[in-house]
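Novice: Have a look at this one before I ask anything.
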Amino acid sequence: MKAKRIAPEVLLDLSSRMELFPARSDERKNIVKSACDLYGVSESTLYRQLRSVNKPKPLKRTDSGKSRVIPISEMEKYCEIIAALKIRTTNKNGRHISTNVAIDLLESTGVESEYGFIKLEKGKLSKTTINRYLAQFGLDKHNLIKNTPAVRFQARHSNECWQFDLSPSDLKSVDEPLWYDESKGLPILMLYSVVDDRSGVCYQEYRNVHGEDAGNALRFLFNAMSPKSDPDVPFQGIPHMIYMDNGPIARSRVFQSVMKYLGIDVKVHMPDSKDKRRKTARSKGKVERAFRTVKECHEVLYHLREPKNEVEANQMLSDYLKKYNDHQHRAEPHSRMEDWLQNIDGAVKQMCSWERFSSFAREPEKR
């Protein structure tokens with residue numbers, strides 16, 4: 001139960017009356033007892049509230065928190081240089097020079113900065129003062145090195161943004177691959193995937209590859225953008241943007257050239273930095289979630305019936321993806337495929353022929 005709070009003016013009056021008598025006098029005890037009976041509190045509660053009234057306020061200088069030796073503008077300049085030295089010397093384990101070492105560096109050899117060459121005389125700066133001002137100016141490690149916020153975005157229309165990625169299949173390989181480079185050994189069965197950012201509709205294919213290369217990626221994207229032979233799969237069209245990893249495919253000149261001819265804007269997410277100052281972008285969850293669902297709900301059944309080659313594997317995968325796209329949308333009361341059909345902005349941008357698409361990759365680059 002919360003103790004009763006006596007008004008401050010009453011406490012001041014009680015304090016002034018009690019000061020007229022010695023500490024252990026009966027009159028003082030009678031004043032305390034009558035006040036406790038009147039306000040319905042115990043003696044300890046009354047004395048505790050009296051102490052808060054009689055407690056003297058601490059006095060501070062008018063220039064409290066400000067250096068009397070160095071102007072605040074000059075101190076801010078030194079703090080910026082020391083904070084920059086700490087960040088510049090931070091390694092992948094998060095270790096960096098201390099404040100003492102940074103001050104000693106400024107005093108012994110000096111530092112070239114945007115303010116010019118800075119070299120201080122001995123004893124001008126102290127560790128405690130600099131650490132206090134680093135926190136005050138927001139230049140300490142806790143404030144400077146922060147993870148970028150997770151961005152949750154969703155496209156407004158279908159085919160406005162596709163998330164593209166590839167992942168090794170849990171099947172690893174097939175027994176009878178139809179084609180592969182014998183000089184490079186057995187290929188890896190790779191799962192290529194695009195997910196429409198708005199609807200969550202997913203299109204995937206298996207491909208036998210020896211690594212991430214632009215050729216297989218372009219063949220897969222052509223199939224994803226082209227009309228499907230199955231009438232139950234209306235997913236098609238050229239997207240406005242593709243969001244993908246900053247890997248060898250995105251850096252390929254051929255891939256970039258073909259995407260430019262198709263009018264597709266390629267966006268890559270920023271990878272994790274070596275100095276641990278930036279986390280990997282966390283906005284590829286839709287395509288990663290699709291990978292996990294396929295591997296946990298579809299590929300585990302390969303223990304019962306394993307496909308012989310990639311054509312059979314793709315047929316089995318296509319049958320599963322039709323069920324996957326007919327499942328309910330993550331936020332809407334209809335399926336993913338229905339959401340894709342309902343949110344097309346105008347008409348679907350049709351894909352060109354394979355011959356025209358191939359010419360984009362073969363056409364010489366003009367410099």
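Residue numbers start at 1 in each chain; chains themselves are named A, B, ... in the order of the structure tokens; ligands are numbered from 1 in the order shown.
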For Ile97 in chain A, list every protein, DNA or RNA residue within 10 Å, evaluated using only C-alpha atoms, and leave out those in the same chain fewer than 5 positions away; present the list as a CSV table (one decimal) with C-alpha atoms, in the first residue's frame.
Specialist:
chain,number,residue,atom,x,y,z
A,82,ILE,CA,39.8,11.0,-31.2
A,85,LEU,CA,41.0,7.4,-34.6
A,86,LYS,CA,39.1,4.8,-32.6
A,87,ILE,CA,36.8,3.9,-35.5
A,88,ARG,CA,39.7,3.9,-38.0
A,89,THR,CA,41.7,1.4,-35.9
A,90,THR,CA,38.8,-0.9,-35.1
A,102,ALA,CA,44.8,8.5,-28.9
Novice: Just want the 10 Å neighbourhood of Ser193 in chain A, counted on only C-alpha atoms, with same-chain residues fewer than 6 positions away dropped. Output as an MDAnalysis selection string.
Specialist: chainID A and resid 162:167 202:206 217 220:221 224 287:288 290:291
Novice: With only C-alpha atoms as the counted atoms, please give the residues lying no more than 12 Å from Tyr39 in chain A, apart from itself and same-chain residues fewer than 4 positions off, as a VMD selection string.
Specialist: chain A and resid 3 to 7 10 to 11 32 to 35 43 45 to 46
Novice: Excluding same-chain residues fewer than 6 positions from Gly215 in chain A, what lies within 9 Å of it counting only C-alpha atoms, as number ranges by chain?
Specialist: A: 249, 254-255
Novice: Taking the backbone alone, and naming residues the way the document does, which bits of range 164-350 of chain A are strand (DSSP E or B) by DSSP, as JSON, numbers by chain?
Specialist: {"A": [164, 165, 166, 167, 168, 188, 189, 190, 191, 192, 193, 194, 195, 196, 202, 203, 204, 205, 206, 207, 208, 209, 241, 242, 243, 244, 265, 266, 267, 268, 328, 335, 344]}
Novice: Store the residues picked out above, limited to N, CA and C atoms, as a CSV table (one decimal), in the first residue's frame.
Specialist:
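Output saved as result18.csv:
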chain,number,residue,atom,x,y,z
A,164,PHE,N,15.2,-12.1,-55.9
A,164,PHE,CA,15.9,-13.2,-56.7
A,164,PHE,C,17.1,-13.8,-55.8
A,165,ASP,N,17.1,-15.1,-55.7
A,165,ASP,CA,18.2,-15.7,-55.0
A,165,ASP,C,18.4,-17.2,-55.4
A,166,LEU,N,19.5,-17.8,-55.0
A,166,LEU,CA,19.7,-19.2,-55.3
A,166,LEU,C,20.3,-19.9,-54.1
A,167,SER,N,20.0,-21.1,-53.9
A,167,SER,CA,20.4,-21.9,-52.8
A,167,SER,C,20.7,-23.3,-53.1
A,168,PRO,N,21.8,-23.9,-52.6
A,168,PRO,CA,22.0,-25.4,-52.9
A,168,PRO,C,20.9,-26.2,-52.4
A,188,ILE,N,26.5,-29.4,-58.9
A,188,ILE,CA,25.7,-29.3,-57.7
A,188,ILE,C,24.2,-28.9,-58.2
A,189,LEU,N,23.3,-29.5,-57.5
A,189,LEU,CA,21.9,-29.2,-57.9
A,189,LEU,C,21.5,-27.9,-57.1
A,190,MET,N,21.3,-26.8,-57.8
A,190,MET,CA,21.0,-25.5,-57.3
A,190,MET,C,19.6,-25.2,-57.5
A,191,LEU,N,19.0,-24.6,-56.4
A,191,LEU,CA,17.6,-24.1,-56.5
A,191,LEU,C,17.5,-22.6,-56.7
A,192,TYR,N,17.0,-22.3,-57.9
A,192,TYR,CA,16.9,-20.9,-58.3
A,192,TYR,C,15.4,-20.4,-57.9
A,193,SER,N,15.3,-19.2,-57.4
A,193,SER,CA,14.0,-18.8,-57.0
A,193,SER,C,13.8,-17.3,-57.2
A,194,VAL,N,12.6,-16.9,-57.6
A,194,VAL,CA,12.1,-15.5,-57.6
A,194,VAL,C,10.8,-15.5,-56.8
A,195,VAL,N,10.6,-14.4,-56.0
A,195,VAL,CA,9.4,-14.2,-55.3
A,195,VAL,C,8.9,-12.8,-55.5
A,196,ASP,N,7.6,-12.7,-55.9
A,196,ASP,CA,7.0,-11.4,-56.1
A,196,ASP,C,6.8,-10.8,-54.8
A,202,CYS,N,5.7,-17.5,-55.8
A,202,CYS,CA,7.1,-18.0,-56.0
A,202,CYS,C,7.2,-18.9,-57.2
A,203,TYR,N,8.3,-18.6,-57.9
A,203,TYR,CA,8.7,-19.5,-59.1
A,203,TYR,C,10.1,-20.0,-58.9
A,204,GLN,N,10.3,-21.3,-59.0
A,204,GLN,CA,11.6,-21.9,-58.7
A,204,GLN,C,11.9,-23.0,-59.8
A,205,GLU,N,13.2,-23.2,-59.9
A,205,GLU,CA,13.7,-24.2,-60.8
A,205,GLU,C,15.0,-24.9,-60.3
A,206,TYR,N,15.2,-26.1,-60.6
A,206,TYR,CA,16.4,-26.8,-60.3
A,206,TYR,C,17.4,-26.7,-61.5
A,207,ARG,N,18.6,-26.4,-61.2
A,207,ARG,CA,19.6,-26.4,-62.3
A,207,ARG,C,20.9,-27.0,-61.8
A,208,ASN,N,21.6,-27.8,-62.7
A,208,ASN,CA,22.9,-28.4,-62.4
A,208,ASN,C,23.9,-27.4,-62.8
A,209,VAL,N,24.7,-27.0,-61.8
A,209,VAL,CA,25.7,-25.9,-62.0
A,209,VAL,C,27.0,-26.3,-61.3
A,241,MET,N,11.8,-4.1,-61.0
A,241,MET,CA,13.0,-4.2,-60.2
A,241,MET,C,13.3,-5.6,-59.8
A,242,ILE,N,14.5,-6.0,-59.7
A,242,ILE,CA,15.0,-7.2,-59.1
A,242,ILE,C,15.9,-6.9,-57.9
A,243,TYR,N,15.6,-7.5,-56.8
A,243,TYR,CA,16.4,-7.3,-55.6
A,243,TYR,C,17.1,-8.6,-55.3
A,244,MET,N,18.5,-8.5,-55.2
A,244,MET,CA,19.3,-9.8,-55.1
A,244,MET,C,20.5,-9.5,-54.3
A,265,ASP,N,15.5,-2.6,-63.2
A,265,ASP,CA,16.4,-2.0,-62.3
A,265,ASP,C,16.9,-3.0,-61.3
A,266,VAL,N,18.2,-3.3,-61.2
A,266,VAL,CA,18.8,-4.3,-60.3
A,266,VAL,C,19.2,-3.6,-59.1
A,267,LYS,N,18.7,-4.0,-57.9
A,267,LYS,CA,19.1,-3.5,-56.6
A,267,LYS,C,19.8,-4.6,-55.8
A,268,VAL,N,20.9,-4.3,-55.3
A,268,VAL,CA,21.6,-5.3,-54.4
A,268,VAL,C,21.6,-4.8,-53.0
A,328,GLN,N,-2.9,-19.2,-48.6
A,328,GLN,CA,-3.4,-17.8,-48.3
A,328,GLN,C,-2.2,-16.9,-48.2
A,335,SER,N,-5.6,-16.1,-51.8
A,335,SER,CA,-4.4,-16.8,-52.0
A,335,SER,C,-3.3,-15.8,-52.6
A,344,ILE,N,-2.1,-6.3,-60.4
A,344,ILE,CA,-1.3,-6.0,-61.6
A,344,ILE,C,-1.6,-4.5,-62.0
